Amino acid sequence: MSVSPERDTQLTERGNPLRDARDRRLPLIAGPSSMVMFGVTGDLAKKKLLPAIYDLANRGLLPPSFGLVGFGRRDWSHDDFAQYVRESVEAHARTPFVETTFEQLRGGLRFVTGEFDDPAAFEELTEVVGELDRTRGTGGNHAFYLSIPPSAFPQVCEQLANSGLNTPQDGSWRRVVIEKPFGHDLASARELNDVVEKVFRPEDVFRIDHYLGKETVQNLLAFRFANAMFEPIWNAHYVDHVQITMAEDIGIGSRAGYYDGIGTARDVIQNHLLQLLALTAMEEPISFDAAELRAEKEKVLAAVELPTDLAAHTARGQYVGGWQGGEQVKGYLEEEGIPAGSTTETFAAMRLDIATRRWAGVPFYLRAGKRLGRRVTEIAVVFRRAPFLPFRSTDTADLGQNAIVIRVQPDEGVTMRFGSKVPGTQMEVRDVTMDFAYGASFTEESPEAYERLILDMLLGDPPLFPRQREVELSWQILDPITAFWAEHMPPEPYRAGTWGPDSAHKMLARDGRTWRRP
């Protein structure tokens, strides 16, 4: 059977089995398309999105006809925008700067000056998008990346609808990409979704959680389901507890305007950490098709149970000044733009349980915070102690619990901790580690998360994008905790450079456990 390249691209994008039959050595390449980026002058676009688009082009994964349209208030010409993109790429791209690659990309760069409430600017945007179809062959396929505050979504979506930019012609597509936060609670998440889905079909809405684009997070699925040695022990019979940590050694920097009033729990636990929990605890899907993968994650989130005593099994903190990395740093309330007396937390920890046969009785401990001991994100699966040890107590005095640690960042890889005999005439057992590191095992450098996610969006491949049901389930878990905190638990101070407030350590001590020191 012969299939034309155009037909192959269509079938691949629609999740046809042809995708599974293709030569895995050949990369998937986006078809004719363009992206319109709102918020293109912001930090995210400058440091992540524009470099990711260039890196995709440099790797040959974008079509030569790809177009990129910036929309913003600045009075820029197309050439001014091209210079801005070049500076961003030269400063932040992962791959080397290649003049011919940039010149090819430059041919599709356009800029539209305007405000979100200006219909004339969207009329001009419509003309620019049509011009790309005619001169670059983008085929009517256009994605709209909303790298803007959620408060601006209604205006932009209304303007896209009024100008008809959200409506594809036959044989083409229109998609929208939205960045977290997906609301600040369940009610606002639903309102936000209603705004977007009035303009775009649910299957054309791509919610970016950049953690799901990280190689190590995707490797968690391969680690669990492609290896017969792990899945049989991935349950309550063998696992004592699970710790999921996202620690940062930096403060809030210039994000005061966004961060204050939001806090760590809403900023990263509701999305990043609960997604990691779902991938760690989910049952094996019948395939990695988007619908099957999402269904298993949703089952886990729906089965999460909160502790009955939130005061004892959650912790909330706020960093104060101290020494970190050899320098003295300010406390949260001393940061520029933070109001005096702010009760926004910069550290959050909680115990969650999963009411399924696989995980009954196994607590999942989540913690995240700023100005902690070091920057690290990891998932630690800690196993029960052996039921019988034919050793004297002194033989195993230094032996801890077996653990499998999936390191998400910065040193991507997997560590296994187990007991081994110490060389010598005595029977002494001590902890040792076996380590897998991406950098040492593969010659190819891992792509940035945004590279993978932008490419998947252009291909119409949705497994790594959470849908609205996942967002709502996550808020249903978090909302009761943040409501309890607001009424009963002001944040507890902790020194910069430490591992959070005392209440976080007491939380695990009540269960007879301790936090890992990454």
# chains A, B, ... in the order shown; residues from 1 in each chain; ligands from 1

call {"tool": "select_by_dssp", "arguments": {"residues": "region 63-162 of chain A", "states": "helix (DSSP H, G or I)", "output": "ChimeraX atom specification"}}
result
/A:78-92,99-106,119-136,150-162

call {"tool": "select_by_dssp", "arguments": {"residues": "region 258-347 of chain A", "states": "strand (DSSP E or B)", "output": "PyMOL selection string"}}
result
chain A and resi 304-305+314-320+322-324+327-329+347

call {"tool": "write_last_selection", "arguments": {"atoms": "C-alpha atoms", "output": "short mmCIF file (atom, residue, chain, number, x, y, z; two decimals), in the first residue's frame"}}
result
data_model
loop_
_atom_site.label_atom_id
_atom_site.label_comp_id
_atom_site.auth_asym_id
_atom_site.auth_seq_id
_atom_site.Cartn_x
_atom_site.Cartn_y
_atom_site.Cartn_z
CA VAL A 304 -6.95 10.68 46.43
CA GLU A 305 -8.11 11.09 50.03
CA THR A 314 0.01 19.42 56.23
CA ALA A 315 2.68 22.09 56.69
CA ARG A 316 2.95 25.67 55.51
CA GLY A 317 5.98 27.94 55.70
CA GLN A 318 7.48 31.25 54.62
CA TYR A 319 11.22 31.83 54.27
CA VAL A 320 13.01 34.46 56.32
CA GLY A 322 19.54 33.78 56.15
CA TRP A 323 22.67 32.47 54.46
CA GLN A 324 22.47 30.48 51.27
CA GLU A 327 25.68 34.88 50.60
CA GLN A 328 23.13 36.54 52.82
CA VAL A 329 19.63 36.57 51.30
CA PHE A 347 6.75 26.17 51.39
#

call {"tool": "atom_distance", "arguments": {"atom1": "CA of Gly39 (chain A)", "atom2": "CA of Ser151 (chain A)"}}
result
12.9 Å

call {"tool": "atom_distance", "arguments": {"atom1": "CA of Arg495 (chain A)", "atom2": "CA of Ala312 (chain A)"}}
result
21.3 Å

call {"tool": "residues_around", "arguments": {"residues": "Val414 (chain A)", "least_positions_apart": "6", "cutoff": "12 Å", "atoms": "only C-alpha atoms", "output": "PyMOL selection string"}}
result
chain A and resi 215-217+219-220+223-224+377-381+403-408+433-441

call {"tool": "residues_around", "arguments": {"residues": "Lys214 (chain A)", "least_positions_apart": "3", "cutoff": "8 Å", "atoms": "only C-alpha atoms", "output": "ChimeraX atom specification"}}
result
/A:210-211,217-218,408,448-449

call {"tool": "closest_residue", "arguments": {"among": "A:Val40, A:Leu508, A:Leu276, A:Val242", "to": "Phe144 (chain A)", "atoms": "only C-alpha atoms"}}
result
A:Val40
